[in-house]
>>> print(open('entry_20.cif').read())   # mmCIF, C-alpha atoms
data_protein
#
loop_
_atom_site.label_atom_id
_atom_site.label_comp_id
_atom_site.auth_asym_id
_atom_site.auth_seq_id
_atom_site.Cartn_x
_atom_site.Cartn_y
_atom_site.Cartn_z
CA MET G 1 -11.33 14.99 -1.93
CA SER G 2 -10.51 11.51 -0.60
CA LYS G 3 -9.34 8.74 -2.89
CA PRO G 4 -10.53 5.13 -2.86
CA ASP G 5 -7.82 2.55 -3.10
CA ASP G 6 -7.47 1.45 -6.72
CA SER G 7 -4.15 -0.22 -7.37
CA THR G 8 -5.79 -3.32 -8.78
CA LEU G 9 -5.01 -4.86 -12.13
CA THR G 10 -7.32 -7.23 -13.94
CA ALA G 11 -7.20 -10.79 -12.65
CA SER G 12 -5.11 -11.93 -15.60
CA GLN G 13 -2.72 -8.96 -15.32
CA HIS G 14 -2.26 -9.52 -11.61
CA ALA G 15 -1.63 -13.25 -12.11
CA ARG G 16 0.96 -12.45 -14.76
CA VAL G 17 2.82 -9.99 -12.52
CA ARG G 18 2.54 -12.25 -9.48
CA LYS G 19 4.06 -15.14 -11.44
CA GLU G 20 7.03 -12.92 -12.32
CA ALA G 21 7.35 -11.81 -8.68
CA GLU G 22 7.50 -15.43 -7.57
CA ARG G 23 10.09 -16.16 -10.28
CA ALA G 24 12.20 -13.25 -9.06
CA LEU G 25 12.04 -14.49 -5.46
CA ARG G 26 12.98 -18.04 -6.49
CA GLU G 27 15.81 -17.02 -8.82
CA ALA G 28 17.19 -14.74 -6.11
CA GLY G 29 16.99 -17.48 -3.47
CA ALA G 30 14.88 -15.02 -1.50
CA LEU G 31 11.64 -16.96 -1.07
CA GLY G 32 11.04 -17.27 2.65
CA VAL G 33 13.85 -14.87 3.58
CA TYR G 34 12.76 -11.99 5.87
CA PRO G 35 13.06 -9.19 5.23
CA THR G 36 13.21 -9.69 1.47
CA PRO G 37 16.84 -9.16 0.38
CA VAL G 38 16.27 -6.37 -2.13
CA ASN G 39 19.86 -6.50 -3.37
CA ARG G 40 19.33 -10.09 -4.58
CA ILE G 41 16.16 -9.10 -6.43
CA MET G 42 18.09 -6.31 -8.11
CA GLU G 43 20.75 -8.79 -9.18
CA VAL G 44 18.30 -11.13 -10.91
CA ALA G 45 16.60 -8.10 -12.47
CA LYS G 46 20.03 -7.14 -13.85
CA VAL G 47 19.89 -3.65 -12.41
CA GLN G 48 22.43 -1.74 -10.38
CA GLU G 49 21.87 1.28 -8.18
CA MET G 50 24.02 4.35 -8.69
CA HIS G 51 24.55 6.11 -5.39
CA GLY G 52 25.02 9.78 -4.64
CA GLU G 53 22.91 12.88 -5.08
CA VAL G 54 22.39 12.46 -8.83
CA LEU G 55 18.72 13.28 -9.41
CA GLY G 56 19.28 17.00 -9.94
CA GLU G 57 17.83 19.00 -12.83
CA SER G 58 21.08 18.97 -14.79
CA PHE G 59 21.30 15.17 -14.66
CA LEU G 60 17.61 14.73 -15.47
CA SER G 61 17.84 17.11 -18.43
CA LYS G 62 20.70 15.09 -19.93
CA MET G 63 18.84 11.81 -19.43
CA ARG G 64 15.72 13.23 -21.04
CA VAL G 65 17.64 14.39 -24.09
CA LYS G 66 19.25 10.96 -24.49
CA ALA G 67 15.94 9.15 -24.12
CA GLY G 68 14.09 11.35 -26.61
CA SER G 69 10.64 9.98 -27.36
CA ALA G 70 11.43 6.77 -25.45
CA LEU G 71 11.06 8.63 -22.15
CA LYS G 72 8.37 7.98 -19.54
CA ARG G 73 8.46 11.27 -17.71
CA ALA G 74 7.43 11.89 -14.11
CA LEU G 75 4.63 14.34 -13.36
CA SER G 76 6.23 15.67 -10.18
CA LYS G 77 9.51 15.41 -8.27
CA VAL G 78 11.51 12.39 -9.46
CA LEU G 79 12.01 9.83 -6.68
CA GLY G 80 13.39 7.01 -8.81
CA LEU G 81 14.73 6.57 -12.33
CA PHE G 82 15.41 3.48 -14.43
CA HIS G 83 17.92 3.62 -17.30
CA ALA G 84 16.94 0.53 -19.31
CA SER G 85 19.85 0.12 -21.72
CA GLU G 86 22.44 0.47 -18.95
CA GLY G 87 20.43 -1.38 -16.33
CA LEU G 88 20.92 1.45 -13.85
CA ILE G 89 18.56 2.79 -11.23
CA PHE G 90 18.79 6.08 -9.38
CA ILE G 91 16.99 6.70 -6.07
CA ASP G 92 16.26 9.88 -4.13
CA GLN G 93 18.42 9.31 -1.05
CA ALA G 94 16.33 11.71 1.06
CA MET G 95 13.48 9.18 1.32
CA TYR G 96 12.91 7.08 4.43
CA ALA G 97 14.70 3.72 4.38
CA VAL G 98 11.49 1.67 4.05
CA LYS G 99 10.32 3.78 1.13
CA LYS G 100 13.68 3.41 -0.61
CA ARG G 101 13.27 -0.38 -0.35
CA PHE G 102 9.91 -0.18 -2.12
CA VAL G 103 11.21 2.21 -4.80
CA ARG G 104 14.18 -0.07 -5.49
CA LEU G 105 11.77 -2.97 -6.03
CA HIS G 106 9.53 -0.78 -8.21
CA GLU G 107 12.49 0.18 -10.42
CA SER G 108 13.64 -3.46 -10.47
CA ALA G 109 10.21 -4.42 -11.77
CA HIS G 110 10.74 -2.19 -14.81
CA GLY G 111 13.89 -4.19 -15.47
CA PHE G 112 12.60 -7.65 -14.58
CA LEU G 113 9.16 -7.74 -16.19
CA PRO G 114 10.05 -8.95 -19.69
CA TRP G 115 7.35 -6.89 -21.43
CA GLN G 116 8.32 -3.67 -19.63
CA ARG G 117 12.07 -3.35 -20.08
CA PRO G 118 11.96 -2.78 -23.86
CA MET G 119 9.19 -0.17 -23.66
CA TYR G 120 11.20 2.90 -22.57
CA ALA G 121 14.84 3.97 -22.62
CA VAL G 122 14.35 5.95 -19.42
CA VAL G 123 11.56 5.69 -16.84
CA GLU G 124 11.08 8.44 -14.25
CA ASP G 125 9.00 7.69 -11.17
CA CYS G 126 7.40 10.16 -8.78
CA GLU G 127 4.76 10.08 -6.04
CA LYS G 128 2.03 9.60 -8.66
CA SER G 129 3.84 6.61 -10.13
CA LEU G 130 4.12 5.03 -6.68
CA ASP G 131 0.61 5.97 -5.60
CA ALA G 132 -1.94 3.14 -5.46
CA GLU G 133 -4.73 5.29 -6.88
CA SER G 134 -3.15 7.58 -9.46
CA ALA G 135 -0.56 5.32 -11.13
CA ASP G 136 -1.17 4.21 -14.69
CA ALA G 137 -1.25 0.51 -15.67
CA PHE G 138 2.50 0.42 -16.42
CA ASP G 139 3.37 1.64 -12.93
CA ARG G 140 0.60 -0.35 -11.23
CA GLU G 141 2.29 -3.47 -12.57
CA ALA G 142 5.57 -2.33 -11.04
CA ASN G 143 3.81 -1.48 -7.77
CA VAL G 144 2.14 -4.89 -7.59
CA PHE G 145 5.46 -6.61 -8.37
CA ALA G 146 7.19 -4.61 -5.61
CA SER G 147 4.41 -5.40 -3.12
CA GLU G 148 4.31 -9.13 -3.94
CA VAL G 149 8.10 -9.37 -3.57
CA LEU G 150 8.26 -7.21 -0.44
CA PHE G 151 5.49 -9.13 1.34
CA GLN G 152 6.63 -12.52 0.02
CA LEU G 153 3.44 -13.26 -1.96
CA ASP G 154 0.87 -14.51 0.59
CA THR G 155 3.29 -14.93 3.51
CA PHE G 156 2.47 -11.61 5.19
CA SER G 157 -1.27 -12.30 4.97
CA GLU G 158 -0.88 -15.84 6.28
CA MET G 159 1.16 -14.64 9.25
CA ALA G 160 -1.40 -11.91 9.95
CA ALA G 161 -4.33 -14.34 9.72
CA SER G 162 -2.84 -16.51 12.46
CA GLU G 163 -3.26 -13.68 14.99
CA ASP G 164 -6.30 -12.00 16.53
CA PHE G 165 -7.54 -9.12 14.38
CA SER G 166 -5.92 -5.87 15.51
CA ILE G 167 -4.27 -2.72 14.17
CA TRP G 168 -1.12 -3.84 15.98
CA VAL G 169 -0.73 -6.92 13.77
CA PRO G 170 0.36 -5.04 10.60
CA VAL G 171 2.28 -2.52 12.72
CA ARG G 172 4.38 -5.34 14.20
CA LEU G 173 4.75 -7.20 10.90
CA SER G 174 5.96 -4.03 9.17
CA LYS G 175 9.18 -4.41 11.14
CA LYS G 176 9.66 -8.06 10.14
CA PHE G 177 9.22 -7.23 6.46
CA GLU G 178 10.93 -3.80 6.69
CA ALA G 179 7.94 -2.20 5.02
CA SER G 180 6.19 1.08 5.77
CA ILE G 181 3.31 1.00 8.23
CA TYR G 182 1.02 2.39 5.54
CA SER G 183 1.81 -0.34 3.02
CA SER G 184 1.61 -3.01 5.74
CA ILE G 185 -1.84 -1.88 6.88
CA ARG G 186 -2.99 -1.66 3.28
CA GLN G 187 -1.71 -5.21 2.67
CA TYR G 188 -3.43 -6.39 5.86
CA VAL G 189 -6.81 -5.06 4.77
CA SER G 190 -6.75 -5.61 1.01
CA LYS G 191 -5.89 -9.33 1.31
CA ASN G 192 -7.94 -10.04 4.42
CA HIS G 193 -10.68 -12.70 4.34
CA ARG G 194 -12.71 -10.72 6.89
CA PRO G 195 -15.02 -7.78 6.14
CA CYS G 196 -12.76 -4.90 7.15
CA ALA G 197 -11.68 -1.44 6.06
CA VAL G 198 -9.11 1.19 6.94
CA LEU G 199 -9.56 4.95 6.70
CA VAL G 200 -6.36 6.91 6.21
CA LEU G 201 -6.66 10.45 7.56
CA ASN G 202 -4.32 13.36 7.06
CA LYS G 203 -2.59 14.86 10.09
CA PRO G 204 -5.19 16.56 12.32
CA GLU G 205 -5.23 20.35 12.11
CA VAL G 206 -6.15 22.64 14.99
CA CYS G 207 -9.63 24.08 14.53
CA ALA G 208 -10.93 26.92 16.72
CA VAL G 209 -14.53 25.72 16.53
CA SER G 210 -14.27 21.99 17.21
CA GLY G 211 -10.72 21.58 18.48
CA PHE G 212 -9.29 19.71 15.48
CA LYS G 213 -10.18 18.53 12.01
CA ALA G 214 -8.71 15.54 10.16
CA THR G 215 -9.49 15.10 6.48
CA LEU G 216 -9.94 11.74 4.77
CA ARG G 217 -7.11 10.99 2.37
CA ARG G 218 -7.87 7.42 1.32
CA PHE G 219 -9.80 4.31 2.28
CA VAL G 220 -9.03 0.66 1.60
CA VAL G 221 -11.56 -2.17 1.94
CA SER G 222 -11.28 -5.95 1.89
CA PRO G 223 -13.17 -7.92 -0.79
CA GLU G 224 -15.67 -9.16 1.84
CA PHE G 225 -16.29 -5.64 3.11
CA ALA G 226 -16.99 -4.48 -0.43
CA LYS G 227 -19.58 -7.24 -0.83
CA PHE G 228 -21.57 -6.29 2.22
CA PHE G 229 -21.10 -2.53 2.14
CA PRO G 230 -20.90 -1.68 -1.59
CA GLY G 231 -20.33 1.98 -2.27
CA GLN G 232 -19.89 2.73 1.43
CA GLN G 233 -19.65 6.49 1.87
CA TRP G 234 -17.29 8.05 4.42
CA PRO G 235 -17.22 11.64 5.70
CA GLU G 236 -14.59 13.92 4.20
CA ASN G 237 -13.81 15.46 7.61
CA PHE G 238 -13.49 14.04 11.11
CA GLY G 239 -13.51 15.86 14.44
CA PRO G 240 -13.85 15.15 18.18
CA ASP G 241 -17.64 15.43 18.06
CA ASP G 242 -18.25 12.54 15.63
CA GLU G 243 -18.05 8.82 16.34
CA LEU G 244 -14.90 8.01 14.39
CA GLY G 245 -13.22 11.38 14.80
CA ALA G 246 -13.38 10.99 18.56
CA MET G 247 -11.00 8.03 18.16
CA VAL G 248 -8.19 10.08 16.60
CA PRO G 249 -5.24 9.93 19.02
CA ILE G 250 -4.50 13.50 20.08
CA GLY G 251 -1.85 14.59 22.52
CA THR G 252 1.85 14.15 23.11
CA GLY G 253 2.91 10.52 23.09
CA ARG G 254 -0.50 9.11 22.13
CA ARG G 255 -0.20 6.56 19.32
CA ALA G 256 -3.45 4.64 19.54
CA SER G 257 -7.00 4.62 20.86
CA ARG G 258 -8.86 1.76 22.48
CA PRO G 259 -11.16 -0.36 20.27
CA ARG G 260 -14.76 0.92 20.21
CA ARG G 261 -18.07 -0.46 18.98
CA ILE G 262 -19.70 1.29 16.02
CA GLU G 263 -22.52 0.33 13.66
CA LEU G 264 -22.53 0.17 9.87
CA THR G 265 -25.57 -0.47 7.70
CA ASP G 266 -25.30 -2.83 4.74
CA ALA G 267 -27.04 -2.61 1.34
CA ASN G 268 -30.15 -4.32 2.78
CA GLY G 269 -30.50 -1.75 5.55
CA VAL G 270 -29.27 -4.24 8.14
CA SER G 271 -27.13 -2.77 10.91
CA HIS G 272 -23.92 -4.62 11.82
CA GLU G 273 -21.93 -4.21 14.99
CA CYS G 274 -18.32 -3.38 14.19
CA ILE G 275 -15.13 -2.67 16.08
CA ALA G 276 -13.01 0.36 15.23
CA GLU G 277 -9.53 1.23 16.50
CA ALA G 278 -7.06 3.95 15.57
CA PHE G 279 -3.29 4.32 15.28
CA THR G 280 -1.16 7.31 14.32
CA GLN G 281 2.39 7.92 13.16
CA GLY G 282 1.99 11.64 13.71
CA HIS G 283 1.69 12.66 10.06
CA GLN G 284 -1.30 10.39 9.33
CA VAL G 285 -3.98 8.47 11.20
CA PHE G 286 -5.33 4.97 10.48
CA ILE G 287 -8.82 3.93 11.61
CA LEU G 288 -9.27 0.17 11.21
CA ILE G 289 -12.83 -1.19 11.16
CA HIS G 290 -14.02 -4.79 11.12
CA VAL G 291 -17.37 -6.53 11.49
CA LYS G 292 -17.28 -8.03 14.97
CA LYS G 293 -19.21 -11.25 14.34
CA ALA G 294 -17.01 -12.14 11.38
CA LEU G 295 -14.29 -12.96 13.90
CA THR G 296 -16.28 -15.92 15.20
CA SER G 297 -18.17 -17.10 12.13
CA VAL G 298 -18.45 -15.66 8.65
CA SER G 299 -21.51 -17.89 8.11
CA ILE G 300 -23.68 -15.26 9.81
CA PHE G 301 -23.76 -13.51 6.45
CA VAL G 302 -26.40 -15.62 4.77
CA PRO G 303 -26.37 -16.18 0.98
CA SER G 304 -29.56 -14.16 0.51
CA VAL G 305 -27.77 -11.06 1.82
CA ILE G 306 -24.89 -11.63 -0.55
CA ALA G 307 -27.21 -12.13 -3.49
CA ALA G 308 -29.12 -8.97 -2.67
CA VAL G 309 -25.91 -7.00 -2.66
#
>>> encode(input="entry_20.cif", output="structure tokens")
Amino acid sequence: MSKPDDSTLTASQHARVRKEAERALREAGALGVYPTPVNRIMEVAKVQEMHGEVLGESFLSKMRVKAGSALKRALSKVLGLFHASEGLIFIDQAMYAVKKRFVRLHESAHGFLPWQRPMYAVVEDCEKSLDAESADAFDREANVFASEVLFQLDTFSEMAASEDFSIWVPVRLSKKFEASIYSSIRQYVSKNHRPCAVLVLNKPEVCAVSGFKATLRRFVVSPEFAKFFPGQQWPENFGPDDELGAMVPIGTGRRASRPRRIELTDANGVSHECIAEAFTQGHQVFILIHVKKALTSVSIFVPSVIAAV
């Protein structure tokens, strides 16, 4: 079953976290520094990373006993841990470098957000804590803080908006910000002023009948896309015989497919010409979709259409 993107906080919660993210960047002298110097953010958050392979069961058991009822326990494998009273963070060193940067910022958020640090003696974080859809409000705040700091508030989006719309824009910017391609594409879509969406597919599996099958893992839409295509339904499976599945890059060395025209129907039954393009890292596939005419003039979407939606 695919998951919609749902890392949002309420407007007031997001504004509160964003204000703290900006304060962290300013106090660290990191505003406008690319990539964000995570070590400086950790300093102003008064946290220190303990290195080494320390997140074993023996270590975790001892920490859990010490924390007692003031423990926020992970639901799966622990990837990061924050020891509040000592101001220490512990990171799974087996993670990719870009993911470790995000986890360090996530753990720093637990220490920097003034209403979070006193809540738990020990905080364990796992994939669910770091996941945009399944995290609880406590961890969504930390995720939003980490994202705002990593992407320098609106800087990433402003840089992206200055270029022609393309899947390659967030891919290139991911290097400048030392962020994962997934989080960069998500940032690109979720803060975009255009009606656009990205489908994230799991790695294609060989299928004897159709050749391959790729299942939908998650989709992210921009605010404008949500207005014009509310409740848009996507297939759970994609293959070479369907319009979007045919775009999945298959074959050694293939990373992307050429942009193609597709049509989407809005809530009024009006068909819109869109452009779709795909990119893969090997273990997942991104299909980016945008309404073609929005690139020249968003005024084509008349108020009556918006009101009807």
>>> residues_around(input="entry_20.cif", residues="Arg117 in chain G", least_positions_apart="5", cutoff="10 Å", atoms="only C-alpha atoms", output="ChimeraX atom specification")
/G:82-85,87,108-112,122-123
>>> atom_distance(input="entry_20.cif", atom1="CA of Val169 in chain G", atom2="CA of Val149 in chain G")
19.6 Å
>>> closest_residue(input="entry_20.cif", among="G:Ala70, G:Thr10, G:Leu150, G:Lys175", to="Asn39 in chain G", atoms="only C-alpha atoms")
G:Leu150
>>> resolve_selection(input="entry_20.cif", expression="the PyMOL selection byres ((chain G and resi 154) around 12)", output="VMD selection string")
chain G and resid 18 21 to 22 31 to 32 147 to 153 155 to 161 187 to 188 190 to 192
>>> atom_distance(input="entry_20.cif", atom1="CA of Leu199 in chain G", atom2="CA of Val98 in chain G")
21.5 Å
>>> resolve_selection(input="entry_20.cif", expression="the PyMOL selection byres ((chain G and resi 278) around 8)", output="list of chain:residue names")
G:Ile167, G:Met247, G:Val248, G:Pro249, G:Ala256, G:Ser257, G:Arg258, G:Pro259, G:Ala276, G:Glu277, G:Phe279, G:Thr280, G:Val285, G:Phe286, G:Ile287, G:Leu288
>>> resolve_selection(input="entry_20.cif", expression="the PyMOL selection byres ((chain G and resi 42-52) around 10)", output="PyMOL selection string")
chain G and resi 23-29+37-41+53-55+81-84+86-93+104-105+107-114
>>> atom_distance(input="entry_20.cif", atom1="CA of Phe229 in chain G", atom2="CA of Glu133 in chain G")
20.3 Å
>>> closest_residue(input="entry_20.cif", among="G:Cys196, G:Met119, G:Ala267, G:Cys274", to="Gly231 in chain G", atoms="all atoms listed in the file")
G:Ala267
>>> residues_around(input="entry_20.cif", residues="Ser61 in chain G", least_positions_apart="3", cutoff="12 Å", atoms="only C-alpha atoms", output="MDAnalysis selection string")
chainID G and resid 54:58 64:68 71 73 78 122 124
>>> write_last_selection(input="entry_20.cif", atoms="C-alpha atoms", output="compact mmCIF listing (two decimals), in the frame of the given file")
# COMPACT_ATOMS: atom_id res chain seq x y z
CA VAL G 54 22.39 12.46 -8.83
CA LEU G 55 18.72 13.28 -9.41
CA GLY G 56 19.28 17.00 -9.94
CA GLU G 57 17.83 19.00 -12.83
CA SER G 58 21.08 18.97 -14.79
CA ARG G 64 15.72 13.23 -21.04
CA VAL G 65 17.64 14.39 -24.09
CA LYS G 66 19.25 10.96 -24.49
CA ALA G 67 15.94 9.15 -24.12
CA GLY G 68 14.09 11.35 -26.61
CA LEU G 71 11.06 8.63 -22.15
CA ARG G 73 8.46 11.27 -17.71
CA VAL G 78 11.51 12.39 -9.46
CA VAL G 122 14.35 5.95 -19.42
CA GLU G 124 11.08 8.44 -14.25
>>> closest_residue(input="entry_20.cif", among="G:Ala214, G:Ile262, G:Ile289, G:Val33", to="Ile250 in chain G", atoms="all atoms listed in the file")
G:Ala214
>>> closest_residue(input="entry_20.cif", among="G:Ala226, G:Asn237, G:Lys292, G:Ile185", to="Arg261 in chain G", atoms="all atoms listed in the file")
G:Lys292
>>> closest_residue(input="entry_20.cif", among="G:Trp115, G:Ala142, G:Ser174, G:Ala11", to="Pro35 in chain G", atoms="only C-alpha atoms")
G:Ser174
>>> closest_residue(input="entry_20.cif", among="G:Phe177, G:Phe225, G:Phe212, G:Tyr34", to="Gly251 in chain G", atoms="all atoms listed in the file")
G:Phe212
>>> residues_around(input="entry_20.cif", residues="Val200 in chain G", least_positions_apart="2", cutoff="12 Å", atoms="only C-alpha atoms", output="ChimeraX atom specification")
/G:2-5,181-183,185-186,197-198,202-204,214-221,234-238,244-245,248,278-281,283-289
